[in-house]
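K.L.:
Take a look at input_14.pdb, PDB, C-alpha atoms and all ligand atoms:
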ATOM      1  CA  MET A   1       0.000   0.000   0.000
ATOM      2  CA  HIS A   2       1.201   3.545  -0.728
ATOM      3  CA  LYS A   3       2.436   5.218   2.440
ATOM      4  CA  MET A   4      -0.083   8.083   2.122
ATOM      5  CA  LEU A   5      -2.972   5.593   2.185
ATOM      6  CA  LEU A   6      -1.969   4.044   5.509
ATOM      7  CA  GLU A   7      -4.465   4.704   8.297
ATOM      8  CA  LEU A   8      -2.330   5.629  11.289
ATOM      9  CA  PRO A   9      -3.527   5.926  14.892
ATOM     10  CA  ASP A  10      -3.708   9.394  16.446
ATOM     11  CA  ARG A  11      -2.365   8.049  19.713
ATOM     12  CA  LEU A  12      -1.317   4.964  21.597
ATOM     13  CA  GLU A  13      -2.082   4.571  25.266
ATOM     14  CA  THR A  14       0.101   2.331  27.456
ATOM     15  CA  GLU A  15      -0.152   1.710  31.192
ATOM     16  CA  ARG A  16       1.478   5.037  32.111
ATOM     17  CA  LEU A  17       1.867   6.976  28.855
ATOM     18  CA  ILE A  18      -0.119   8.711  26.149
ATOM     19  CA  ILE A  19       2.029   8.476  23.026
ATOM     20  CA  ARG A  20       1.101  10.746  20.146
ATOM     21  CA  PRO A  21       2.586  12.724  17.258
ATOM     22  CA  TYR A  22       3.611  16.257  18.147
ATOM     23  CA  GLN A  23       1.232  19.020  17.135
ATOM     24  CA  ALA A  24       0.948  22.799  17.102
ATOM     25  CA  GLY A  25       0.858  24.022  20.705
ATOM     26  CA  ASP A  26       3.367  21.467  22.065
ATOM     27  CA  GLY A  27       6.216  23.995  21.870
ATOM     28  CA  SER A  28       6.230  25.056  25.532
ATOM     29  CA  ALA A  29       6.332  21.430  26.791
ATOM     30  CA  TYR A  30       9.061  20.562  24.290
ATOM     31  CA  TYR A  31      11.037  23.686  25.238
ATOM     32  CA  ARG A  32      11.022  22.570  28.901
ATOM     33  CA  LEU A  33      12.115  19.046  27.879
ATOM     34  CA  ALA A  34      14.920  20.386  25.684
ATOM     35  CA  GLN A  35      16.169  22.900  28.285
ATOM     36  CA  ASN A  36      16.232  20.250  31.011
ATOM     37  CA  ASN A  37      18.184  17.728  28.952
ATOM     38  CA  LYS A  38      20.993  19.393  27.012
ATOM     39  CA  ALA A  39      23.794  17.928  29.131
ATOM     40  CA  HIS A  40      21.928  14.605  29.322
ATOM     41  CA  LEU A  41      21.690  14.361  25.520
ATOM     42  CA  LEU A  42      25.136  15.612  24.538
ATOM     43  CA  PRO A  43      27.210  12.432  25.058
ATOM     44  CA  PHE A  44      25.159  10.091  22.856
ATOM     45  CA  GLU A  45      22.772  12.318  20.875
ATOM     46  CA  GLU A  46      24.955  14.947  19.269
ATOM     47  CA  GLY A  47      22.588  15.381  16.282
ATOM     48  CA  ASN A  48      19.355  15.508  18.279
ATOM     49  CA  PRO A  49      17.205  18.496  17.185
ATOM     50  CA  ALA A  50      16.373  19.214  20.850
ATOM     51  CA  LEU A  51      19.962  20.409  21.322
ATOM     52  CA  ALA A  52      19.426  23.265  18.854
ATOM     53  CA  ILE A  53      16.398  24.672  20.707
ATOM     54  CA  GLN A  54      17.153  28.120  22.171
ATOM     55  CA  THR A  55      13.675  29.590  22.622
ATOM     56  CA  GLU A  56      10.066  28.488  23.011
ATOM     57  CA  LYS A  57       9.475  29.783  19.479
ATOM     58  CA  ASP A  58      12.210  27.437  18.149
ATOM     59  CA  ALA A  59      10.460  24.568  19.927
ATOM     60  CA  GLU A  60       7.052  25.483  18.489
ATOM     61  CA  ILE A  61       8.533  25.603  14.972
ATOM     62  CA  LEU A  62      10.110  22.164  15.502
ATOM     63  CA  MET A  63       6.783  20.742  16.721
ATOM     64  CA  ARG A  64       5.068  21.931  13.545
ATOM     65  CA  GLU A  65       7.909  20.528  11.420
ATOM     66  CA  PHE A  66       7.646  17.146  13.188
ATOM     67  CA  HIS A  67       3.881  17.232  12.600
ATOM     68  CA  ALA A  68       4.377  17.934   8.887
ATOM     69  CA  GLU A  69       6.888  15.072   8.622
ATOM     70  CA  TRP A  70       4.351  12.744  10.281
ATOM     71  CA  VAL A  71       1.610  13.782   7.846
ATOM     72  CA  CYS A  72       3.963  13.126   4.886
ATOM     73  CA  ARG A  73       5.054   9.802   6.502
ATOM     74  CA  ASN A  74       8.704  10.858   6.270
ATOM     75  CA  VAL A  75       9.655  10.298   9.907
ATOM     76  CA  PHE A  76       7.499   9.561  12.948
ATOM     77  CA  PHE A  77       8.446  11.641  15.991
ATOM     78  CA  VAL A  78       6.172  11.143  18.986
ATOM     79  CA  GLY A  79       6.047  12.415  22.539
ATOM     80  CA  GLY A  80       5.252  10.170  25.485
ATOM     81  CA  TRP A  81       3.195  12.108  28.046
ATOM     82  CA  GLU A  82       2.951  10.727  31.572
ATOM     83  CA  LYS A  83      -0.748  10.114  32.238
ATOM     84  CA  ALA A  84      -0.443  10.838  35.953
ATOM     85  CA  THR A  85       0.980  14.358  35.483
ATOM     86  CA  GLY A  86       0.461  15.295  31.828
ATOM     87  CA  THR A  87       4.236  15.860  31.569
ATOM     88  CA  LEU A  88       6.191  15.160  28.370
ATOM     89  CA  VAL A  89       8.717  12.605  29.658
ATOM     90  CA  VAL A  90       9.997  10.669  26.669
ATOM     91  CA  GLN A  91      10.596  11.185  22.966
ATOM     92  CA  LEU A  92      10.505   8.290  20.546
ATOM     93  CA  VAL A  93      11.064   8.250  16.814
ATOM     94  CA  ILE A  94      10.609   5.760  14.022
ATOM     95  CA  SER A  95      12.627   6.756  10.980
ATOM     96  CA  VAL A  96      12.356   5.227   7.561
ATOM     97  CA  THR A  97      15.339   3.212   6.330
ATOM     98  CA  HIS A  98      13.586   1.875   3.210
ATOM     99  CA  TRP A  99       9.851   2.309   2.561
ATOM    100  CA  ASP A 100       9.439  -0.265  -0.164
ATOM    101  CA  TRP A 101      11.191  -2.901   1.913
ATOM    102  CA  ARG A 102       9.367  -1.728   5.074
ATOM    103  CA  GLN A 103      12.561  -1.202   7.046
ATOM    104  CA  PHE A 104      12.646   1.278   9.919
ATOM    105  CA  GLU A 105      14.843   2.379  12.795
ATOM    106  CA  ILE A 106      13.859   3.339  16.333
ATOM    107  CA  GLY A 107      15.363   6.046  18.538
ATOM    108  CA  TYR A 108      14.500   7.560  21.918
ATOM    109  CA  PHE A 109      15.478   9.624  24.913
ATOM    110  CA  VAL A 110      13.930  10.205  28.297
ATOM    111  CA  ASP A 111      13.834  13.314  30.448
ATOM    112  CA  LYS A 112      16.708  12.968  32.923
ATOM    113  CA  ASP A 113      14.371  13.351  35.919
ATOM    114  CA  HIS A 114      12.332  10.381  34.647
ATOM    115  CA  GLU A 115      15.246   8.048  33.864
ATOM    116  CA  GLY A 116      15.316   4.573  35.391
ATOM    117  CA  GLN A 117      11.524   4.256  35.695
ATOM    118  CA  GLY A 118      10.806   2.116  32.658
ATOM    119  CA  PHE A 119       9.135   4.824  30.545
ATOM    120  CA  VAL A 120      11.433   4.238  27.561
ATOM    121  CA  SER A 121      10.953   0.469  27.471
ATOM    122  CA  GLU A 122       7.178   1.015  27.771
ATOM    123  CA  GLY A 123       7.316   3.483  24.873
ATOM    124  CA  VAL A 124       9.544   1.252  22.739
ATOM    125  CA  ARG A 125       7.068  -1.637  23.057
ATOM    126  CA  ALA A 126       4.282   0.665  21.834
ATOM    127  CA  MET A 127       6.385   1.961  18.930
ATOM    128  CA  LEU A 128       7.286  -1.589  17.882
ATOM    129  CA  TYR A 129       3.541  -2.214  17.708
ATOM    130  CA  PHE A 130       3.240   0.958  15.594
ATOM    131  CA  ALA A 131       6.073  -0.094  13.257
ATOM    132  CA  PHE A 132       5.035  -3.717  12.749
ATOM    133  CA  GLU A 133       1.229  -3.436  12.954
ATOM    134  CA  CYS A 134       0.567   0.023  11.509
ATOM    135  CA  LEU A 135       3.492   0.558   9.104
ATOM    136  CA  GLY A 136       3.827  -3.102   8.133
ATOM    137  CA  ALA A 137       7.507  -3.307   9.110
ATOM    138  CA  GLN A 138       9.526  -6.327   8.051
ATOM    139  CA  ARG A 139      12.538  -5.206  10.035
ATOM    140  CA  VAL A 140      13.217  -2.585  12.717
ATOM    141  CA  SER A 141      16.769  -1.708  13.676
ATOM    142  CA  ALA A 142      18.251   0.084  16.646
ATOM    143  CA  GLY A 143      21.739   1.233  17.459
ATOM    144  CA  CYS A 144      23.680   2.560  20.394
ATOM    145  CA  ASN A 145      27.187   3.372  21.466
ATOM    146  CA  ASP A 146      28.954   0.452  23.127
ATOM    147  CA  THR A 147      29.482   2.552  26.278
ATOM    148  CA  ASN A 148      25.763   3.454  26.528
ATOM    149  CA  VAL A 149      24.781   0.714  28.939
ATOM    150  CA  ARG A 150      21.303   2.109  29.665
ATOM    151  CA  SER A 151      20.426   2.137  25.975
ATOM    152  CA  GLN A 152      21.785  -1.404  25.495
ATOM    153  CA  HIS A 153      19.485  -2.530  28.316
ATOM    154  CA  VAL A 154      16.441  -0.868  26.693
ATOM    155  CA  ILE A 155      17.156  -2.485  23.315
ATOM    156  CA  GLU A 156      17.894  -5.946  24.672
ATOM    157  CA  ARG A 157      14.941  -5.831  27.109
ATOM    158  CA  SER A 158      12.716  -4.993  24.122
ATOM    159  CA  GLY A 159      13.686  -8.191  22.295
ATOM    160  CA  PHE A 160      16.188  -7.000  19.665
ATOM    161  CA  THR A 161      19.065  -9.217  18.518
ATOM    162  CA  ARG A 162      22.588  -7.772  18.455
ATOM    163  CA  GLU A 163      23.833  -8.124  14.868
ATOM    164  CA  ALA A 164      27.094  -6.210  14.796
ATOM    165  CA  HIS A 165      29.703  -4.442  16.858
ATOM    166  CA  ILE A 166      31.491  -1.705  14.947
ATOM    167  CA  ARG A 167      34.586  -1.352  17.118
ATOM    168  CA  GLN A 168      36.454   1.854  18.013
ATOM    169  CA  SER A 169      34.618   3.939  15.424
ATOM    170  CA  ARG A 170      33.691   6.914  17.652
ATOM    171  CA  CYS A 171      36.633   9.132  18.498
ATOM    172  CA  HIS A 172      34.441  11.696  20.324
ATOM    173  CA  ILE A 173      33.235   9.140  22.914
ATOM    174  CA  ARG A 174      36.036   7.461  24.825
ATOM    175  CA  CYS A 175      35.979   4.265  26.858
ATOM    176  CA  GLU A 176      37.261   4.359  30.435
ATOM    177  CA  ASP A 177      40.692   3.169  29.257
ATOM    178  CA  GLY A 178      40.917   6.066  26.753
ATOM    179  CA  THR A 179      40.324   4.015  23.610
ATOM    180  CA  PHE A 180      37.691   5.058  21.054
ATOM    181  CA  SER A 181      34.229   3.638  21.625
ATOM    182  CA  GLY A 182      32.172   1.844  18.975
ATOM    183  CA  ASP A 183      28.574   1.091  18.084
ATOM    184  CA  TYR A 184      26.295  -1.871  18.605
ATOM    185  CA  HIS A 185      23.769  -2.570  15.861
ATOM    186  CA  TYR A 186      20.576  -4.469  16.600
ATOM    187  CA  GLY A 187      17.641  -5.716  14.562
ATOM    188  CA  MET A 188      14.193  -7.187  15.034
ATOM    189  CA  LEU A 189      12.506  -9.150  12.252
ATOM    190  CA  ARG A 190       8.753  -9.496  11.810
ATOM    191  CA  ALA A 191       8.850 -13.167  12.825
ATOM    192  CA  GLU A 192      10.693 -12.207  16.026
ATOM    193  CA  TYR A 193       8.173  -9.454  16.786
ATOM    194  CA  ASP A 194       5.343 -11.940  16.228
ATOM    195  CA  ARG A 195       6.791 -14.179  18.945
ATOM    196  CA  LEU A 196       6.986 -11.379  21.558
ATOM    197  CA  PRO A 197       4.249 -10.991  24.185
ATOM    198  CA  LYS A 198       1.976  -8.220  22.908
ATOM    199  CA  PRO A 199       1.874  -4.974  24.916
ATOM    200  CA  GLU A 200      -1.333  -3.908  26.582
ATOM    201  CA  LEU A 201      -2.250  -0.722  24.809
ATOM    202  CA  VAL A 202      -5.176   1.224  23.533
ATOM    203  CA  CYS A 203      -4.838   2.353  19.942
ATOM    204  CA  GLN A 204      -6.980   5.384  19.011
ATOM    205  CA  PRO A 205      -7.755   5.820  15.335
TER     206      PRO A 205
HETATM  207  C1  LIG B 301      19.188   5.539  27.092
HETATM  208  C2  LIG B 301      17.978   5.992  27.902
HETATM  209  C3  LIG B 301      16.865   6.345  26.955
HETATM  210  C4  LIG B 301      17.574   4.855  28.844
HETATM  211  O1  LIG B 301      16.559   5.324  29.697
HETATM  212  P1  LIG B 301      16.094   4.447  30.959
HETATM  213  O2  LIG B 301      15.285   5.344  31.820
HETATM  214  O3  LIG B 301      17.272   3.763  31.567
HETATM  215  O4  LIG B 301      15.184   3.329  30.280
HETATM  216  P2  LIG B 301      13.779   2.800  30.816
HETATM  217  O5  LIG B 301      12.838   3.944  30.887
HETATM  218  O6  LIG B 301      13.416   1.645  29.998
HETATM  219  O7  LIG B 301      14.096   2.388  32.298
HETATM  220  C5  LIG B 301      14.725   1.168  32.568
HETATM  221  C6  LIG B 301      15.139   1.142  34.023
HETATM  222  O8  LIG B 301      14.017   1.490  34.836
HETATM  223  C7  LIG B 301      13.805   0.471  35.826
HETATM  224  N1  LIG B 301      12.359   0.472  36.100
HETATM  225  C8  LIG B 301      11.787   1.069  37.156
HETATM  226  N2  LIG B 301      10.458   0.928  37.101
HETATM  227  C9  LIG B 301      10.179   0.240  35.992
HETATM  228  C10 LIG B 301       8.971  -0.210  35.389
HETATM  229  N3  LIG B 301       7.775   0.050  35.927
HETATM  230  N4  LIG B 301       9.039  -0.877  34.231
HETATM  231  C11 LIG B 301      10.247  -1.140  33.650
HETATM  232  N5  LIG B 301      11.433  -0.728  34.184
HETATM  233  C12 LIG B 301      11.391  -0.060  35.342
HETATM  234  C13 LIG B 301      14.378  -0.776  35.208
HETATM  235  O9  LIG B 301      14.760  -1.701  36.178
HETATM  236  C14 LIG B 301      15.580  -0.246  34.443
HETATM  237  O10 LIG B 301      16.665  -0.077  35.282
HETATM  238  P3  LIG B 301      18.116  -0.662  34.861
HETATM  239  O11 LIG B 301      18.452  -0.127  33.499
HETATM  240  O12 LIG B 301      18.985  -0.154  35.938
HETATM  241  O13 LIG B 301      17.957  -2.135  34.804
HETATM  242  C15 LIG B 301      18.317   7.254  28.764
HETATM  243  O14 LIG B 301      19.413   6.955  29.583
HETATM  244  C16 LIG B 301      18.613   8.483  27.928
HETATM  245  O15 LIG B 301      17.697   9.195  27.536
HETATM  246  N6  LIG B 301      19.897   8.763  27.703
HETATM  247  C17 LIG B 301      20.333   9.920  26.955
HETATM  248  C18 LIG B 301      19.999   9.809  25.480
HETATM  249  C19 LIG B 301      20.372   8.467  24.894
HETATM  250  O16 LIG B 301      21.361   7.860  25.245
HETATM  251  N7  LIG B 301      19.526   8.002  23.947
HETATM  252  C20 LIG B 301      19.723   6.727  23.288
HETATM  253  C21 LIG B 301      20.739   6.800  22.237
HETATM  254  S1  LIG B 301      20.946   5.231  21.460
END
Please lay out the structure from this file as structure tokens.

P.N.:
Amino acid sequence: MHKMLLELPDRLETERLIIRPYQAGDGSAYYRLAQNNKAHLLPFEEGNPALAIQTEKDAEILMREFHAEWVCRNVFFVGGWEKATGTLVVQLVISVTHWDWRQFEIGYFVDKDHEGQGFVSEGVRAMLYFAFECLGAQRVSAGCNDTNVRSQHVIERSGFTREAHIRQSRCHIRCEDGTFSGDYHYGMLRAEYDRLPKPELVCQP
């Protein structure tokens, strides 16, 4: 099916999160998230658009750009809002590696004050549902630096298989012994997703 004909949900609801595409008006929440997390993001997310946000207006522009990209099915940025507080606590993204072959990649970060509470893993399970059930993914990949232990845990807890270790390829992130770090590459195939326990979520058309 052509990507523009796909019927995509407006939001996914997990136990603790409302996950939805960004929209006009989200700028102030995103500005707070970006301001709170610059140092948190710098080591492993040097290209993250949140790092470029200087003002609430910048954030509002980015929200509208993310929305436009969602509508065109170019890249799927979503915010995960904690149900209990209405706070934007996690960002997740599904980017397109190859549309015709239905191959995608997942990325994420969590607000530093909400780290270590399982919000990312909860969001990743929902976005795997989105990729495989709504986009028809055949393969979803994920990657992280080999010193990013928290991210490795998220990916492995979510059921991905480690497929490659690109060694000592990152000169800007050093291991404790001073050597260059590298990257782990992971993948999940449709058949592997099908064998996972399905997340409890509400999917709103
Ligand atoms: C990488 C990153 C997203 C991981 O976030 P995280 O908070 O550790 O991940 P989760 O939300 O899944 O939380 C998992 C932790 O919460 C704990 N936890 C607490 N309550 C939980 C619950 N209800 N359900 C699941 N886990 C829970 C888990 O035990 C786990 O702890 P552990 O890693 O010590 O075993 C975060 O560190 C981050 O944003 N880093 C900066 C940006 C970055 O590195 N992005 C990824 C680049 S590849």

K.L.:
Hey, which bits of range 48-83 of chain A sit within 10 Å of range 101-121 of chain A, and for each residue what's the closest pair of atoms and how far apart in Å (one decimal), counting all atoms listed in the file, rows by chain and increasing number, as JSON lines?

P.N.:
{"residue": "A:Asn48", "atom": "CA", "partner": "A:Phe109", "partner_atom": "CA", "distance": 9.7}
{"residue": "A:Val75", "atom": "CA", "partner": "A:Phe104", "partner_atom": "CA", "distance": 9.5}
{"residue": "A:Phe76", "atom": "CA", "partner": "A:Ile106", "partner_atom": "CA", "distance": 9.5}
{"residue": "A:Phe77", "atom": "CA", "partner": "A:Gly107", "partner_atom": "CA", "distance": 9.3}
{"residue": "A:Val78", "atom": "CA", "partner": "A:Tyr108", "partner_atom": "CA", "distance": 9.5}
{"residue": "A:Gly79", "atom": "CA", "partner": "A:Tyr108", "partner_atom": "CA", "distance": 9.8}
{"residue": "A:Gly80", "atom": "CA", "partner": "A:Phe119", "partner_atom": "CA", "distance": 8.3}
{"residue": "A:Trp81", "atom": "CA", "partner": "A:Phe119", "partner_atom": "CA", "distance": 9.7}
{"residue": "A:Glu82", "atom": "CA", "partner": "A:Phe119", "partner_atom": "CA", "distance": 8.6}

K.L.:
For the residues in the current selection, export C-alpha atoms as a PDB file, in the frame of the given file.

P.N.:
ATOM      1  CA  ASN A  48      19.355  15.508  18.279  1.00  0.00           C
ATOM      2  CA  VAL A  75       9.655  10.298   9.907  1.00  0.00           C
ATOM      3  CA  PHE A  76       7.499   9.561  12.948  1.00  0.00           C
ATOM      4  CA  PHE A  77       8.446  11.641  15.991  1.00  0.00           C
ATOM      5  CA  VAL A  78       6.172  11.143  18.986  1.00  0.00           C
ATOM      6  CA  GLY A  79       6.047  12.415  22.539  1.00  0.00           C
ATOM      7  CA  GLY A  80       5.252  10.170  25.485  1.00  0.00           C
ATOM      8  CA  TRP A  81       3.195  12.108  28.046  1.00  0.00           C
ATOM      9  CA  GLU A  82       2.951  10.727  31.572  1.00  0.00           C
TER      10      GLU A  82
END

K.L.:
Any idea what's packed within 12 Å of range 189-204 of chain A, counting all atoms listed in the file, ignoring anything in its chain fewer than 6 positions away? Could you give it as a ChimeraX atom specification?

P.N.:
/A:7-20,102-105,121-142,157-163

K.L.:
Please indicate the distance in Å from CA of Ala50 in chain A to atom P3 of ligand LIG 301 (chain B), rounded to one decimal place.

P.N.:
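Between CA of Ala50 in chain A and atom P3 of ligand LIG 301 (chain B) the gap is 24.4 Å.
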
K.L.:
Can you spell out as a ChimeraX atom specification the set of residues that the PyMOL selection byres (((chain A and resi 35-45) around 12) and not hetatm) selects in the structure I just provided?

P.N.:
/A:27-34,46-56,58-59,88-91,107-115,143-151,170-174,181-183

K.L.:
Only C-alpha atoms, please: the residues just picked out, written as a PDB file, in the coordinates of the input.

P.N.:
ATOM      1  CA  GLY A  27       6.216  23.995  21.870  1.00  0.00           C
ATOM      2  CA  SER A  28       6.230  25.056  25.532  1.00  0.00           C
ATOM      3  CA  ALA A  29       6.332  21.430  26.791  1.00  0.00           C
ATOM      4  CA  TYR A  30       9.061  20.562  24.290  1.00  0.00           C
ATOM      5  CA  TYR A  31      11.037  23.686  25.238  1.00  0.00           C
ATOM      6  CA  ARG A  32      11.022  22.570  28.901  1.00  0.00           C
ATOM      7  CA  LEU A  33      12.115  19.046  27.879  1.00  0.00           C
ATOM      8  CA  ALA A  34      14.920  20.386  25.684  1.00  0.00           C
ATOM      9  CA  GLU A  46      24.955  14.947  19.269  1.00  0.00           C
ATOM     10  CA  GLY A  47      22.588  15.381  16.282  1.00  0.00           C
ATOM     11  CA  ASN A  48      19.355  15.508  18.279  1.00  0.00           C
ATOM     12  CA  PRO A  49      17.205  18.496  17.185  1.00  0.00           C
ATOM     13  CA  ALA A  50      16.373  19.214  20.850  1.00  0.00           C
ATOM     14  CA  LEU A  51      19.962  20.409  21.322  1.00  0.00           C
ATOM     15  CA  ALA A  52      19.426  23.265  18.854  1.00  0.00           C
ATOM     16  CA  ILE A  53      16.398  24.672  20.707  1.00  0.00           C
ATOM     17  CA  GLN A  54      17.153  28.120  22.171  1.00  0.00           C
ATOM     18  CA  THR A  55      13.675  29.590  22.622  1.00  0.00           C
ATOM     19  CA  GLU A  56      10.066  28.488  23.011  1.00  0.00           C
ATOM     20  CA  ASP A  58      12.210  27.437  18.149  1.00  0.00           C
ATOM     21  CA  ALA A  59      10.460  24.568  19.927  1.00  0.00           C
ATOM     22  CA  LEU A  88       6.191  15.160  28.370  1.00  0.00           C
ATOM     23  CA  VAL A  89       8.717  12.605  29.658  1.00  0.00           C
ATOM     24  CA  VAL A  90       9.997  10.669  26.669  1.00  0.00           C
ATOM     25  CA  GLN A  91      10.596  11.185  22.966  1.00  0.00           C
ATOM     26  CA  GLY A 107      15.363   6.046  18.538  1.00  0.00           C
ATOM     27  CA  TYR A 108      14.500   7.560  21.918  1.00  0.00           C
ATOM     28  CA  PHE A 109      15.478   9.624  24.913  1.00  0.00           C
ATOM     29  CA  VAL A 110      13.930  10.205  28.297  1.00  0.00           C
ATOM     30  CA  ASP A 111      13.834  13.314  30.448  1.00  0.00           C
ATOM     31  CA  LYS A 112      16.708  12.968  32.923  1.00  0.00           C
ATOM     32  CA  ASP A 113      14.371  13.351  35.919  1.00  0.00           C
ATOM     33  CA  HIS A 114      12.332  10.381  34.647  1.00  0.00           C
ATOM     34  CA  GLU A 115      15.246   8.048  33.864  1.00  0.00           C
ATOM     35  CA  GLY A 143      21.739   1.233  17.459  1.00  0.00           C
ATOM     36  CA  CYS A 144      23.680   2.560  20.394  1.00  0.00           C
ATOM     37  CA  ASN A 145      27.187   3.372  21.466  1.00  0.00           C
ATOM     38  CA  ASP A 146      28.954   0.452  23.127  1.00  0.00           C
ATOM     39  CA  THR A 147      29.482   2.552  26.278  1.00  0.00           C
ATOM     40  CA  ASN A 148      25.763   3.454  26.528  1.00  0.00           C
ATOM     41  CA  VAL A 149      24.781   0.714  28.939  1.00  0.00           C
ATOM     42  CA  ARG A 150      21.303   2.109  29.665  1.00  0.00           C
ATOM     43  CA  SER A 151      20.426   2.137  25.975  1.00  0.00           C
ATOM     44  CA  ARG A 170      33.691   6.914  17.652  1.00  0.00           C
ATOM     45  CA  CYS A 171      36.633   9.132  18.498  1.00  0.00           C
ATOM     46  CA  HIS A 172      34.441  11.696  20.324  1.00  0.00           C
ATOM     47  CA  ILE A 173      33.235   9.140  22.914  1.00  0.00           C
ATOM     48  CA  ARG A 174      36.036   7.461  24.825  1.00  0.00           C
ATOM     49  CA  SER A 181      34.229   3.638  21.625  1.00  0.00           C
ATOM     50  CA  GLY A 182      32.172   1.844  18.975  1.00  0.00           C
ATOM     51  CA  ASP A 183      28.574   1.091  18.084  1.00  0.00           C
TER      52      ASP A 183
END

K.L.:
Would you compute, for all listed atoms of ligand LIG 301 (chain B), the axis-aligned bounding box grown by 4 Å on each side, and then report its centre and edge lengths in Å rounded to one decimal, as JSON?

P.N.:
{"center_x": 14.6, "center_y": 3.9, "center_z": 29.3, "size_x": 21.6, "size_y": 20.1, "size_z": 23.7}

K.L.:
Can you work out which one of A:Gly178, A:Gly86, A:Pro21, A:Gly187 has the shortest atom-to-atom distance to Trp70 in chain A, counting all atoms listed in the file?

P.N.:
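Of A:Gly178, A:Gly86, A:Pro21, A:Gly187, the one nearest Trp70 in chain A, counting all atoms listed in the file, is A:Pro21.
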
K.L.:
Please compute the CA of His165 in chain A-CA of Tyr184 in chain A distance, one decimal, in Å.

P.N.:
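Here the two named atoms are 4.6 Å from each other.
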
K.L.:
Expanded to explicit residues, what is the PyMOL selection byres (((chain A and resi 4) around 9) and not hetatm) for this file, as a list in words?

P.N.:
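Those residues are Met1, His2, Lys3, Leu5, Leu6, Glu7, Val71, Cys72 and Arg73 of chain A.
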
K.L.:
What's the separation between CA of His185 in chain A and atom S1 of ligand LIG 301 (chain B), in Å to one decimal place?

P.N.:
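Atom S1 of ligand LIG 301 (chain B) lies at a distance of 10.0 Å from CA of His185 in chain A.
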
K.L.:
Can you work out which one of A:Gln168, A:Pro205, A:Glu156, A:Phe180 has the shortest atom-to-atom distance to ligand LIG 301 (chain B), counting all atoms listed in the file?

P.N.:
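Nearest candidate to ligand LIG 301 (chain B) out of A:Gln168, A:Pro205, A:Glu156, A:Phe180: A:Glu156.
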
K.L.:
Could you check the closest approach to Gln23 in chain A for each of A:Leu62, A:Cys175, A:Ala84, A:Ile94 and tell me which residue wins, using all atoms listed in the file?

P.N.:
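Between A:Leu62, A:Cys175, A:Ala84, A:Ile94, the residue approaching Gln23 in chain A most closely is A:Leu62.
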
K.L.:
Find the residue from A:Asp26, A:Ile155, A:Ser169, A:Glu176 that sits nearest to ligand LIG 301 (chain B); use all atoms listed in the file when measuring.

P.N.:
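With all atoms listed in the file as the atom set, the closest residue is A:Ile155.
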
K.L.:
In terms of the shortest atom-to-atom distance over only C-alpha atoms and all ligand atoms, which of A:Thr179, A:Glu69, A:Leu92, A:Met188 is closest to ligand LIG 301 (chain B)?

P.N.:
A:Leu92

K.L.:
Kindly indicate which residue among A:Thr87, A:Asn74, A:Ser95, A:Gln152 lies nearest to ligand LIG 301 (chain B), using only C-alpha atoms and all ligand atoms for the distances.

P.N.:
A:Gln152

K.L.:
Take range 98-109 of chain A, bring it up to N, CA and C atoms, and give me the output as a compact mmCIF listing (two decimals), in the coordinates of the input.

P.N.:
# COMPACT_ATOMS: atom_id res chain seq x y z
N HIS A 98 13.96 2.20 4.59
CA HIS A 98 13.59 1.88 3.21
C HIS A 98 12.08 1.57 3.18
N TRP A 99 11.32 2.48 2.54
CA TRP A 99 9.85 2.31 2.56
C TRP A 99 9.42 1.03 1.84
N ASP A 100 9.95 0.85 0.64
CA ASP A 100 9.44 -0.26 -0.16
C ASP A 100 9.73 -1.60 0.50
N TRP A 101 10.84 -1.66 1.23
CA TRP A 101 11.19 -2.90 1.91
C TRP A 101 10.68 -2.92 3.36
N ARG A 102 9.96 -1.84 3.73
CA ARG A 102 9.37 -1.73 5.07
C ARG A 102 10.43 -1.92 6.17
N GLN A 103 11.50 -1.14 6.03
CA GLN A 103 12.56 -1.20 7.05
C GLN A 103 12.65 0.14 7.76
N PHE A 104 12.72 0.08 9.08
CA PHE A 104 12.65 1.28 9.92
C PHE A 104 13.71 1.21 11.01
N GLU A 105 13.90 2.35 11.67
CA GLU A 105 14.84 2.38 12.80
C GLU A 105 14.19 3.13 13.95
N ILE A 106 14.46 2.69 15.16
CA ILE A 106 13.86 3.34 16.33
C ILE A 106 14.91 4.12 17.11
N GLY A 107 14.49 5.25 17.67
CA GLY A 107 15.36 6.05 18.54
C GLY A 107 14.54 6.59 19.70
N TYR A 108 15.22 7.11 20.72
CA TYR A 108 14.50 7.56 21.92
C TYR A 108 15.42 8.33 22.85
N PHE A 109 14.81 9.16 23.69
CA PHE A 109 15.48 9.62 24.91
C PHE A 109 14.43 9.92 25.95
